$ cat upload-v2.json   # JSON, C-alpha atoms
[["chain", "number", "residue", "atom", "x", "y", "z"],
["E", 1320, "MET", "CA", 15.22, 39.68, -14.04],
["E", 1321, "LYS", "CA", 15.88, 36.92, -11.58],
["E", 1322, "VAL", "CA", 14.07, 36.65, -8.26],
["E", 1323, "GLN", "CA", 14.61, 34.30, -5.39],
["E", 1324, "VAL", "CA", 12.00, 32.94, -3.03],
["E", 1325, "THR", "CA", 13.19, 31.13, 0.09],
["E", 1326, "VAL", "CA", 10.64, 28.94, 1.88],
["E", 1327, "VAL", "CA", 11.26, 27.41, 5.30],
["E", 1328, "PRO", "CA", 9.08, 25.70, 7.90],
["E", 1329, "LYS", "CA", 7.58, 28.30, 10.23],
["E", 1330, "SER", "CA", 9.13, 28.61, 13.64],
["E", 1331, "GLY", "CA", 7.17, 26.40, 16.00],
["E", 1332, "VAL", "CA", 6.48, 23.89, 13.24],
["E", 1333, "LEU", "CA", 8.32, 20.63, 13.72],
["E", 1334, "ASP", "CA", 11.04, 20.27, 11.09],
["E", 1335, "PRO", "CA", 12.42, 16.73, 11.34],
["E", 1336, "GLN", "CA", 14.92, 17.38, 8.55],
["E", 1337, "GLY", "CA", 16.23, 20.52, 10.22],
["E", 1338, "LYS", "CA", 16.44, 18.70, 13.53],
["E", 1339, "ALA", "CA", 18.52, 15.91, 12.00],
["E", 1340, "ILE", "CA", 20.84, 18.44, 10.34],
["E", 1341, "ALA", "CA", 21.27, 20.32, 13.61],
["E", 1342, "GLY", "CA", 22.26, 17.06, 15.26],
["E", 1343, "ALA", "CA", 24.78, 16.31, 12.51],
["E", 1344, "LEU", "CA", 26.31, 19.78, 12.70],
["E", 1345, "THR", "CA", 26.70, 19.44, 16.45],
["E", 1346, "ARG", "CA", 28.30, 16.02, 16.07],
["E", 1347, "LEU", "CA", 30.74, 17.55, 13.58],
["E", 1348, "GLY", "CA", 31.89, 19.89, 16.32],
["E", 1349, "PHE", "CA", 30.29, 23.17, 15.26],
["E", 1350, "PRO", "CA", 29.78, 25.01, 18.54],
["E", 1351, "GLY", "CA", 26.41, 26.28, 19.69],
["E", 1352, "VAL", "CA", 24.30, 25.04, 16.80],
["E", 1353, "GLY", "CA", 20.70, 25.93, 17.63],
["E", 1354, "ASP", "CA", 17.54, 25.59, 15.63],
["E", 1355, "VAL", "CA", 17.99, 24.62, 11.97],
["E", 1356, "ARG", "CA", 15.22, 25.10, 9.43],
["E", 1357, "ALA", "CA", 15.57, 23.12, 6.22],
["E", 1358, "GLY", "CA", 13.64, 24.64, 3.34],
["E", 1359, "LYS", "CA", 13.61, 25.28, -0.36],
["E", 1360, "VAL", "CA", 15.01, 27.97, -2.64],
["E", 1361, "PHE", "CA", 13.36, 28.94, -5.93],
["E", 1362, "ARG", "CA", 15.19, 31.09, -8.47],
["E", 1363, "VAL", "CA", 12.78, 32.30, -11.09],
["E", 1364, "GLU", "CA", 13.35, 34.33, -14.27],
["E", 1365, "VAL", "CA", 10.62, 36.95, -14.59],
["E", 1366, "GLU", "CA", 9.83, 39.82, -16.91],
["E", 1367, "ALA", "CA", 9.60, 43.01, -14.92],
["E", 1368, "ASN", "CA", 10.30, 46.70, -15.53],
["E", 1369, "ASP", "CA", 12.06, 47.22, -12.23],
["E", 1370, "ALA", "CA", 13.10, 45.54, -9.03],
["E", 1371, "ALA", "CA", 9.94, 46.51, -7.17],
["E", 1372, "GLU", "CA", 7.75, 44.89, -9.81],
["E", 1373, "ALA", "CA", 9.95, 41.79, -9.82],
["E", 1374, "LYS", "CA", 9.74, 41.50, -6.05],
["E", 1375, "ALA", "CA", 5.97, 41.89, -6.13],
["E", 1376, "LEU", "CA", 5.77, 39.03, -8.65],
["E", 1377, "ALA", "CA", 7.96, 36.85, -6.46],
["E", 1378, "GLU", "CA", 5.72, 37.54, -3.48],
["E", 1379, "GLN", "CA", 2.62, 36.62, -5.47],
["E", 1380, "MET", "CA", 4.25, 33.37, -6.55],
["E", 1381, "ALA", "CA", 5.04, 32.56, -2.95],
["E", 1382, "VAL", "CA", 1.53, 33.31, -1.74],
["E", 1383, "LYS", "CA", -0.23, 31.42, -4.54],
["E", 1384, "LEU", "CA", 1.97, 28.37, -4.85],
["E", 1385, "LEU", "CA", 5.47, 28.19, -3.44],
["E", 1386, "CYS", "CA", 4.63, 28.58, 0.25],
["E", 1387, "ASN", "CA", 1.87, 26.96, 2.33],
["E", 1388, "PRO", "CA", 1.22, 29.54, 5.05],
["E", 1389, "VAL", "CA", -0.13, 26.91, 7.44],
["E", 1390, "ILE", "CA", 3.32, 25.42, 7.86],
["E", 1391, "GLU", "CA", 5.81, 27.63, 6.03],
["E", 1392, "GLU", "CA", 7.07, 31.20, 5.73],
["E", 1393, "PHE", "CA", 8.93, 32.84, 2.88],
["E", 1394, "GLU", "CA", 11.28, 35.62, 1.91],
["E", 1395, "ALA", "CA", 11.30, 37.11, -1.56],
["E", 1396, "GLU", "CA", 14.24, 39.01, -2.99],
["E", 1397, "VAL", "CA", 15.47, 40.31, -6.32],
["E", 1398, "LEU", "CA", 18.79, 38.91, -7.50],
["E", 1399, "GLY", "CA", 19.07, 41.38, -10.38],
["J", 574, "MET", "CA", -29.57, 8.28, -6.41],
["J", 575, "SER", "CA", -32.77, 6.46, -7.19],
["J", 576, "SER", "CA", -33.64, 3.57, -4.93],
["J", 577, "GLY", "CA", -31.97, 0.35, -5.98],
["J", 578, "ALA", "CA", -29.49, 2.00, -8.32],
["J", 579, "ARG", "CA", -25.79, 1.42, -7.85],
["J", 580, "PRO", "CA", -23.92, 4.29, -6.21],
["J", 581, "ARG", "CA", -21.92, 6.19, -8.80],
["J", 582, "VAL", "CA", -18.37, 6.81, -7.69],
["J", 583, "SER", "CA", -15.77, 8.86, -9.55],
["J", 584, "VAL", "CA", -12.14, 8.27, -8.61],
["J", 585, "VAL", "CA", -9.87, 11.08, -9.73],
["J", 586, "LEU", "CA", -6.65, 9.99, -11.35],
["J", 587, "PHE", "CA", -3.74, 12.42, -11.10],
["J", 588, "PRO", "CA", -0.38, 11.74, -12.69],
["J", 589, "GLY", "CA", 1.33, 9.80, -9.92],
["J", 590, "SER", "CA", -1.79, 8.48, -8.20],
["J", 591, "ASN", "CA", -1.29, 4.80, -7.45],
["J", 592, "CYS", "CA", -4.24, 3.73, -5.31],
["J", 593, "ASP", "CA", -6.86, 4.63, -7.91],
["J", 594, "HIS", "CA", -7.63, 1.08, -9.03],
["J", 595, "ASP", "CA", -7.69, -0.09, -5.42],
["J", 596, "ALA", "CA", -10.31, 2.56, -4.69],
["J", 597, "VAL", "CA", -12.40, 1.53, -7.69],
["J", 598, "HIS", "CA", -12.15, -2.13, -6.68],
["J", 599, "ALA", "CA", -13.00, -1.39, -3.06],
["J", 600, "VAL", "CA", -16.19, 0.53, -3.81],
["J", 601, "GLU", "CA", -17.21, -2.06, -6.40],
["J", 602, "THR", "CA", -16.82, -4.93, -3.95],
["J", 603, "ALA", "CA", -17.94, -3.16, -0.77],
["J", 604, "ILE", "CA", -21.03, -1.37, -2.06],
["J", 605, "GLY", "CA", -21.52, -2.60, -5.62],
["J", 606, "ALA", "CA", -20.65, 0.83, -6.95],
["J", 607, "ASP", "CA", -20.63, 1.87, -10.56],
["J", 608, "ALA", "CA", -17.11, 3.27, -10.32],
["J", 609, "ARG", "CA", -15.05, 5.05, -12.92],
["J", 610, "LEU", "CA", -11.69, 6.74, -13.15],
["J", 611, "VAL", "CA", -11.66, 10.43, -14.04],
["J", 612, "TRP", "CA", -8.46, 11.80, -15.53],
["J", 613, "HIS", "CA", -7.24, 14.97, -13.84],
["J", 614, "ASP", "CA", -7.03, 16.94, -17.08],
["J", 615, "GLY", "CA", -10.78, 17.12, -17.67],
["J", 616, "THR", "CA", -13.58, 18.79, -15.80],
["J", 617, "ASP", "CA", -16.39, 16.26, -16.25],
["J", 618, "LEU", "CA", -16.86, 14.24, -13.07],
["J", 619, "GLY", "CA", -19.74, 12.27, -14.60],
["J", 620, "ARG", "CA", -22.53, 13.12, -12.11],
["J", 621, "PRO", "CA", -21.23, 10.95, -9.27],
["J", 622, "ASP", "CA", -22.75, 10.30, -5.85],
["J", 623, "LEU", "CA", -19.24, 10.26, -4.42],
["J", 624, "VAL", "CA", -15.83, 11.58, -5.48],
["J", 625, "VAL", "CA", -12.71, 9.84, -4.19],
["J", 626, "LEU", "CA", -9.27, 11.43, -4.36],
["J", 627, "PRO", "CA", -7.02, 8.39, -4.07],
["J", 628, "GLY", "CA", -3.61, 7.84, -2.56],
["J", 629, "GLY", "CA", -0.31, 7.97, -4.35],
["J", 630, "PHE", "CA", 2.28, 10.54, -5.22],
["J", 631, "SER", "CA", 0.52, 13.06, -7.46],
["J", 632, "TYR", "CA", 3.04, 15.08, -9.45],
["J", 633, "GLY", "CA", 5.79, 13.15, -7.74],
["J", 634, "ASP", "CA", 5.09, 14.99, -4.47],
["J", 635, "TYR", "CA", 7.03, 17.87, -6.05],
["J", 636, "LEU", "CA", 7.00, 21.16, -4.13],
["J", 637, "ARG", "CA", 4.71, 19.80, -1.37],
["J", 638, "CYS", "CA", 2.51, 16.73, -1.29],
["J", 639, "GLY", "CA", -0.70, 17.65, -3.12],
["J", 640, "ALA", "CA", 0.40, 21.19, -3.91],
["J", 641, "LEU", "CA", 0.48, 20.77, -7.69],
["J", 642, "ALA", "CA", -2.50, 18.41, -8.02],
["J", 643, "ARG", "CA", -4.63, 21.12, -6.54],
["J", 644, "PHE", "CA", -4.23, 23.10, -9.78],
["J", 645, "SER", "CA", -5.36, 20.26, -12.04],
["J", 646, "PRO", "CA", -8.44, 21.25, -14.09],
["J", 647, "VAL", "CA", -10.54, 18.55, -12.44],
["J", 648, "MET", "CA", -10.11, 20.23, -9.06],
["J", 649, "ASP", "CA", -12.40, 23.09, -10.14],
["J", 650, "SER", "CA", -15.14, 20.49, -10.63],
["J", 651, "VAL", "CA", -14.30, 18.78, -7.35],
["J", 652, "ARG", "CA", -14.54, 22.12, -5.60],
["J", 653, "ASP", "CA", -17.94, 22.88, -7.20],
["J", 654, "PHE", "CA", -19.16, 19.38, -6.33],
["J", 655, "ALA", "CA", -18.02, 19.77, -2.72],
["J", 656, "GLU", "CA", -19.44, 23.25, -2.35],
["J", 657, "ASN", "CA", -22.80, 21.94, -3.51],
["J", 658, "GLY", "CA", -22.74, 19.35, -0.74],
["J", 659, "GLY", "CA", -21.37, 16.42, -2.76],
["J", 660, "PRO", "CA", -19.51, 13.85, -0.66],
["J", 661, "VAL", "CA", -15.74, 13.78, -1.23],
["J", 662, "LEU", "CA", -13.33, 11.31, 0.36],
["J", 663, "GLY", "CA", -9.59, 12.03, 0.24],
["J", 664, "ILE", "CA", -7.34, 9.12, 1.10],
["J", 665, "CYS", "CA", -3.67, 9.72, 1.98],
["J", 666, "ASN", "CA", -2.39, 11.80, -0.94],
["J", 667, "GLY", "CA", -6.02, 12.69, -1.63],
["J", 668, "PHE", "CA", -6.21, 14.09, 1.92],
["J", 669, "GLN", "CA", -3.07, 16.12, 1.23],
["J", 670, "VAL", "CA", -4.58, 17.48, -2.00],
["J", 671, "LEU", "CA", -7.78, 18.51, -0.20],
["J", 672, "CYS", "CA", -5.78, 20.35, 2.48],
["J", 673, "GLU", "CA", -3.66, 22.12, -0.14],
["J", 674, "ALA", "CA", -6.84, 23.07, -2.02],
["J", 675, "GLY", "CA", -8.29, 24.58, 1.14],
["J", 676, "LEU", "CA", -11.24, 22.16, 1.08],
["J", 677, "LEU", "CA", -10.04, 20.72, 4.39],
["J", 678, "PRO", "CA", -8.34, 22.52, 7.27],
["J", 679, "GLY", "CA", -4.67, 22.15, 8.15],
["J", 680, "ALA", "CA", -1.66, 20.74, 6.35],
["J", 681, "LEU", "CA", 0.41, 17.58, 6.38],
["J", 682, "LEU", "CA", 4.07, 17.68, 7.35],
["J", 683, "ALA", "CA", 6.78, 15.05, 7.18],
["J", 684, "ASN", "CA", 6.34, 12.26, 9.75],
["J", 685, "SER", "CA", 8.00, 13.21, 13.02],
["J", 686, "GLY", "CA", 10.21, 10.11, 12.82],
["J", 687, "GLN", "CA", 11.43, 11.13, 9.36],
["J", 688, "ARG", "CA", 10.58, 7.74, 7.90],
["J", 689, "PHE", "CA", 8.06, 6.55, 5.39],
["J", 690, "LEU", "CA", 5.68, 4.30, 7.33],
["J", 691, "CYS", "CA", 3.95, 1.24, 5.93],
["J", 692, "GLN", "CA", 2.06, -0.58, 8.67],
["J", 693, "ASP", "CA", -1.34, -1.16, 10.21],
["J", 694, "VAL", "CA", -2.65, 1.39, 12.69],
["J", 695, "PHE", "CA", -5.76, 1.66, 14.81],
["J", 696, "VAL", "CA", -8.04, 4.66, 14.56],
["J", 697, "ARG", "CA", -11.01, 5.62, 16.66],
["J", 698, "VAL", "CA", -14.18, 7.09, 15.20],
["J", 699, "GLU", "CA", -14.50, 10.54, 16.75],
["J", 700, "THR", "CA", -17.69, 11.72, 15.09],
["J", 701, "ILE", "CA", -20.51, 10.00, 13.24],
["J", 702, "ARG", "CA", -21.61, 13.24, 11.64],
["J", 703, "THR", "CA", -20.05, 12.50, 8.23],
["J", 704, "PRO", "CA", -21.34, 10.38, 5.35],
["J", 705, "PHE", "CA", -18.54, 7.85, 5.94],
["J", 706, "THR", "CA", -19.04, 7.37, 9.66],
["J", 707, "ALA", "CA", -22.80, 7.90, 10.04],
["J", 708, "ASP", "CA", -23.45, 4.16, 10.33],
["J", 709, "LEU", "CA", -20.59, 3.61, 12.76],
["J", 710, "THR", "CA", -20.56, 4.33, 16.47],
["J", 711, "LYS", "CA", -18.49, 6.99, 18.12],
["J", 712, "GLY", "CA", -15.57, 5.22, 19.77],
["J", 713, "ASP", "CA", -15.50, 2.36, 17.26],
["J", 714, "VAL", "CA", -11.94, 1.20, 16.62],
["J", 715, "LEU", "CA", -10.86, 0.34, 13.09],
["J", 716, "ARG", "CA", -7.64, -1.33, 12.00],
["J", 717, "LEU", "CA", -6.42, 0.27, 8.78],
["J", 718, "PRO", "CA", -3.12, 0.32, 6.89],
["J", 719, "ILE", "CA", -1.05, 3.46, 6.45],
["J", 720, "ALA", "CA", 1.64, 4.11, 3.85],
["J", 721, "HIS", "CA", 2.95, 7.65, 3.97],
["J", 722, "GLY", "CA", 5.94, 9.88, 4.54],
["J", 723, "ASP", "CA", 3.94, 13.04, 5.19],
["J", 724, "GLY", "CA", 1.05, 12.29, 7.52],
["J", 725, "ASN", "CA", 1.85, 14.66, 10.33],
["J", 726, "TRP", "CA", -1.31, 16.78, 10.33],
["J", 727, "ARG", "CA", -1.34, 20.15, 11.96],
["J", 728, "ALA", "CA", -3.28, 23.38, 11.85],
["J", 729, "GLU", "CA", -2.71, 26.91, 13.01],
["J", 730, "GLU", "CA", -4.05, 27.58, 16.48],
["J", 731, "ALA", "CA", -7.15, 29.48, 15.39],
["J", 732, "THR", "CA", -7.96, 26.81, 12.80],
["J", 733, "TRP", "CA", -7.48, 24.06, 15.37],
["J", 734, "ASP", "CA", -9.86, 25.79, 17.79],
["J", 735, "ASP", "CA", -12.41, 25.91, 14.96],
["J", 736, "VAL", "CA", -11.89, 22.25, 14.09],
["J", 737, "VAL", "CA", -12.52, 21.24, 17.69],
["J", 738, "ALA", "CA", -15.44, 23.61, 18.17],
["J", 739, "HIS", "CA", -17.17, 22.21, 15.09],
["J", 740, "ASP", "CA", -16.48, 18.53, 15.76],
["J", 741, "GLN", "CA", -14.37, 18.16, 12.64],
["J", 742, "VAL", "CA", -11.93, 15.52, 13.88],
["J", 743, "VAL", "CA", -13.25, 12.31, 12.29],
["J", 744, "PHE", "CA", -10.54, 9.80, 13.25],
["J", 745, "ARG", "CA", -7.79, 9.71, 15.88],
["J", 746, "TYR", "CA", -4.95, 7.23, 16.20],
["J", 747, "CYS", "CA", -5.38, 4.94, 19.18],
["J", 748, "ASP", "CA", -4.28, 1.58, 20.53],
["J", 749, "PRO", "CA", -6.27, -1.60, 19.77],
["J", 750, "ALA", "CA", -8.47, -0.93, 22.80],
["J", 751, "GLY", "CA", -9.32, 2.58, 21.59],
["J", 752, "GLU", "CA", -7.09, 4.40, 24.08],
["J", 753, "ARG", "CA", -5.08, 7.37, 22.92],
["J", 754, "VAL", "CA", -1.49, 6.64, 23.88],
["J", 755, "PRO", "CA", 1.62, 8.33, 22.45],
["J", 756, "SER", "CA", 2.93, 5.08, 20.98],
["J", 757, "ALA", "CA", -0.24, 4.71, 18.88],
["J", 758, "ASN", "CA", 0.40, 7.92, 16.95],
["J", 759, "PRO", "CA", 2.66, 6.90, 14.05],
["J", 760, "ASN", "CA", 3.56, 10.28, 12.59],
["J", 761, "GLY", "CA", 3.38, 12.94, 15.29],
["J", 762, "SER", "CA", 0.12, 14.45, 14.05],
["J", 763, "HIS", "CA", -1.42, 17.09, 16.26],
["J", 764, "ASP", "CA", -3.73, 15.65, 18.93],
["J", 765, "ASP", "CA", -3.49, 12.22, 17.25],
["J", 766, "VAL", "CA", -5.57, 13.39, 14.30],
["J", 767, "ALA", "CA", -5.82, 10.78, 11.54],
["J", 768, "GLY", "CA", -8.68, 12.33, 9.59],
["J", 769, "VAL", "CA", -10.78, 15.50, 9.50],
["J", 770, "CYS", "CA", -13.83, 16.87, 7.73],
["J", 771, "ASN", "CA", -14.84, 20.30, 6.52],
["J", 772, "ARG", "CA", -17.33, 22.51, 8.34],
["J", 773, "ALA", "CA", -20.17, 21.33, 6.07],
["J", 774, "ARG", "CA", -19.12, 17.72, 6.90],
["J", 775, "ASN", "CA", -19.37, 16.39, 3.33],
["J", 776, "VAL", "CA", -15.61, 16.43, 2.65],
["J", 777, "VAL", "CA", -13.51, 13.94, 4.64],
["J", 778, "GLY", "CA", -9.80, 13.24, 4.43],
["J", 779, "LEU", "CA", -7.75, 10.62, 6.24],
["J", 780, "MET", "CA", -4.21, 9.27, 6.06],
["J", 781, "PRO", "CA", -5.03, 5.54, 6.49],
["J", 782, "HIS", "CA", -6.19, 3.52, 3.48],
["J", 783, "PRO", "CA", -9.71, 2.08, 3.93],
["J", 784, "GLU", "CA", -9.64, 0.89, 0.30],
["J", 785, "ARG", "CA", -6.75, -1.45, 1.13],
["J", 786, "ALA", "CA", -8.72, -3.10, 3.91],
["J", 787, "SER", "CA", -12.14, -3.64, 2.43],
["J", 788, "GLU", "CA", -12.34, -7.39, 1.90],
["J", 789, "GLU", "CA", -12.20, -10.34, 4.28],
["J", 790, "ILE", "CA", -10.02, -12.17, 1.80],
["J", 791, "LEU", "CA", -7.36, -9.52, 2.44],
["J", 792, "GLY", "CA", -7.56, -10.25, 6.13],
["J", 793, "ASN", "CA", -9.28, -7.03, 7.06],
["J", 794, "ALA", "CA", -12.55, -5.48, 5.97],
["J", 795, "ASP", "CA", -12.70, -2.61, 8.47],
["J", 796, "GLY", "CA", -12.24, -0.08, 5.68],
["J", 797, "ALA", "CA", -15.40, -1.26, 3.93],
["J", 798, "ARG", "CA", -17.41, 0.12, 6.82],
["J", 799, "LEU", "CA", -16.70, 3.66, 5.61],
["J", 800, "PHE", "CA", -17.99, 2.88, 2.13],
["J", 801, "ARG", "CA", -21.01, 0.97, 3.46],
["J", 802, "SER", "CA", -21.86, 3.85, 5.72],
["J", 803, "PHE", "CA", -21.81, 6.17, 2.73],
["J", 804, "ALA", "CA", -23.97, 3.79, 0.65],
["J", 805, "ALA", "CA", -26.48, 3.34, 3.48],
["J", 806, "GLY", "CA", -26.80, 7.10, 3.68],
["J", 807, "LEU", "CA", -27.59, 7.31, -0.02],
["J", 808, "LEU", "CA", -30.41, 4.81, 0.31],
["J", 809, "VAL", "CA", -32.15, 6.74, 3.03],
["J", 810, "GLY", "CA", -31.38, 10.09, 1.45],
["J", 811, "ARG", "CA", -29.27, 11.09, 4.40],
["J", 812, "SER", "CA", -27.25, 14.22, 3.81],
["J", 813, "ALA", "CA", -23.97, 15.06, 5.45]]
$ encode --input "upload-v2.json" --output "structure tokens"
Amino acid sequence: MKVQVTVVPKSGVLDPQGKAIAGALTRLGFPGVGDVRAGKVFRVEVEANDAAEAKALAEQMAVKLLCNPVIEEFEAEVLG
Amino acid sequence: MSSGARPRVSVVLFPGSNCDHDAVHAVETAIGADARLVWHDGTDLGRPDLVVLPGGFSYGDYLRCGALARFSPVMDSVRDFAENGGPVLGICNGFQVLCEAGLLPGALLANSGQRFLCQDVFVRVETIRTPFTADLTKGDVLRLPIAHGDGNWRAEEATWDDVVAHDQVVFRYCDPAGERVPSANPNGSHDDVAGVCNRARNVVGLMPHPERASEEILGNADGARLFRSFAAGLLVGRSA
């Protein structure tokens, strides 16, 4: 199965990259662009019996390696 | 260390470290150390008096700076050494590795100005209760070079309260006179923090590079004061 973990800087944590992107989007004329968080996406092939097991694995990967909870937050999902 | 013996220093070499030889050279010249490089893939630190995690770009800074180096086999030994009170100094990327490994509080984010910075900075000694500052004076100002893209230290609020309560800020950015002014902070780090220590005070990490400023012939020997402080502590059997 394939799982996806999305990691972004926590709200309240300065994200210079996101800030620069927000500025660029505004300059391009997109109306009302607010906070932008620039992060990372990991798509991982895993062996799992069902979606719940796959999601649990993705969450463990995030906690142990993919996300640093001091500065980042994550979402784990199963792509199927 | 027995009296008169040379301090034994192990410098850990990760794939992508690039200040390892500088660190070896600096401790050899500053304190006459018997220094060796230790490859990250082993677990034998070689009974050192001091472990240095050098600067560089371990594992290409993939994922997060220091995040992958933390899983190198040698880090189990570094952790054991540190937990038994052994002095550990993390410089730049070494600081990032120690934070990722949970041996130091906080984390290092991209510089607030979004640029890699390579310049001299001034830092103020905030505590002398570490092996590397014990022979300095609180308030001493050191000029040291920085070279980093991710030096913006921060901690969660509860962690920060702990760091302050336990006097764990070791260095803060300042101006040449030792004053904390916004323009002296190069990377946006929280409360001008340039270096911190653990609760037990034997593990210290800092973004500036003392090993690059340890000889008069290089125009600046301020960094040698950290190594000399450590060596002086060994001679008198001072613990962290």
$ interface_residues --input "upload-v2.json" --of "chain E" --to "chain J" --cutoff "8 Å" --atoms "all atoms listed in the file" --output "VMD selection string"
chain E and resid 1333 to 1336 1384 to 1385 1387 1389 to 1390
$ closest_residue --input "upload-v2.json" --among "J:Ala707, J:Leu618, J:Ala738, J:Pro755" --to "Arg652 in chain J" --atoms "all atoms listed in the file"
J:Leu618
$ atom_distance --input "upload-v2.json" --atom1 "CA of Ala1375 in chain E" --atom2 "CA of Gly639 in chain J"
25.3 Å
$ closest_residue --input "upload-v2.json" --among "E:Val1332, E:Gly1348, E:Ala1377, E:Lys1383" --to "Val1365 in chain E" --atoms "all atoms listed in the file"
E:Ala1377
$ residues_around --input "upload-v2.json" --residues "Glu1364 in chain E" --least-positions-apart "4" --cutoff "10 Å" --atoms "only C-alpha atoms" --output "PyMOL selection string"
chain E and resi 1320-1323+1373+1377+1398-1399
$ atom_distance --input "upload-v2.json" --atom1 "CA of Val661 in chain J" --atom2 "CA of Val624 in chain J"
4.8 Å
$ atom_distance --input "upload-v2.json" --atom1 "CA of Asn775 in chain J" --atom2 "CA of Val585 in chain J"
17.0 Å
$ closest_residue --input "upload-v2.json" --among "J:Phe630, J:Phe800, J:Phe744, J:Trp612" --to "Ala596 in chain J" --atoms "all atoms listed in the file"
J:Phe800
$ residues_near_point --input "upload-v2.json" --point "(-27.0, 7.5, 1.0)" --cutoff "12 Å" --atoms "only C-alpha atoms" --output "ChimeraX atom specification"
/J:574-581,604,622-623,659-660,703-708,775,799-813
$ build_atoms --input "upload-v2.json" --residues "range 1331-1342 of chain E" --atoms "N, CA, C and O atoms" --output "mmCIF file, in the coordinates of the input"
data_model
loop_
_atom_site.group_PDB
_atom_site.id
_atom_site.type_symbol
_atom_site.label_atom_id
_atom_site.label_comp_id
_atom_site.auth_asym_id
_atom_site.auth_seq_id
_atom_site.Cartn_x
_atom_site.Cartn_y
_atom_site.Cartn_z
ATOM 1 N N GLY E 1331 8.246 27.065 15.247
ATOM 2 C CA GLY E 1331 7.170 26.400 16.000
ATOM 3 C C GLY E 1331 6.644 25.183 15.291
ATOM 4 O O GLY E 1331 6.021 24.327 15.903
ATOM 5 N N VAL E 1332 6.902 25.080 13.983
ATOM 6 C CA VAL E 1332 6.480 23.890 13.240
ATOM 7 C C VAL E 1332 7.622 22.887 13.274
ATOM 8 O O VAL E 1332 8.767 23.228 12.977
ATOM 9 N N LEU E 1333 7.293 21.665 13.652
ATOM 10 C CA LEU E 1333 8.320 20.630 13.720
ATOM 11 C C LEU E 1333 8.974 20.446 12.358
ATOM 12 O O LEU E 1333 8.302 20.311 11.345
ATOM 13 N N ASP E 1334 10.297 20.457 12.339
ATOM 14 C CA ASP E 1334 11.040 20.270 11.090
ATOM 15 C C ASP E 1334 12.033 19.121 11.298
ATOM 16 O O ASP E 1334 13.176 19.339 11.700
ATOM 17 N N PRO E 1335 11.569 17.892 11.061
ATOM 18 C CA PRO E 1335 12.420 16.730 11.340
ATOM 19 C C PRO E 1335 13.749 16.786 10.583
ATOM 20 O O PRO E 1335 14.793 16.403 11.116
ATOM 21 N N GLN E 1336 13.700 17.280 9.352
ATOM 22 C CA GLN E 1336 14.920 17.380 8.550
ATOM 23 C C GLN E 1336 15.905 18.359 9.190
ATOM 24 O O GLN E 1336 17.095 18.067 9.331
ATOM 25 N N GLY E 1337 15.387 19.523 9.576
ATOM 26 C CA GLY E 1337 16.230 20.520 10.220
ATOM 27 C C GLY E 1337 16.830 20.006 11.520
ATOM 28 O O GLY E 1337 17.997 20.259 11.849
ATOM 29 N N LYS E 1338 16.001 19.249 12.246
ATOM 30 C CA LYS E 1338 16.440 18.700 13.530
ATOM 31 C C LYS E 1338 17.606 17.715 13.315
ATOM 32 O O LYS E 1338 18.604 17.732 14.042
ATOM 33 N N ALA E 1339 17.470 16.888 12.289
ATOM 34 C CA ALA E 1339 18.520 15.910 12.000
ATOM 35 C C ALA E 1339 19.808 16.625 11.570
ATOM 36 O O ALA E 1339 20.917 16.232 11.966
ATOM 37 N N ILE E 1340 19.661 17.690 10.790
ATOM 38 C CA ILE E 1340 20.840 18.440 10.340
ATOM 39 C C ILE E 1340 21.516 19.121 11.519
ATOM 40 O O ILE E 1340 22.754 19.135 11.621
ATOM 41 N N ALA E 1341 20.695 19.677 12.424
ATOM 42 C CA ALA E 1341 21.270 20.320 13.610
ATOM 43 C C ALA E 1341 22.090 19.311 14.416
ATOM 44 O O ALA E 1341 23.196 19.623 14.894
ATOM 45 N N GLY E 1342 21.545 18.107 14.529
ATOM 46 C CA GLY E 1342 22.260 17.060 15.260
ATOM 47 C C GLY E 1342 23.579 16.727 14.588
ATOM 48 O O GLY E 1342 24.617 16.568 15.247
#
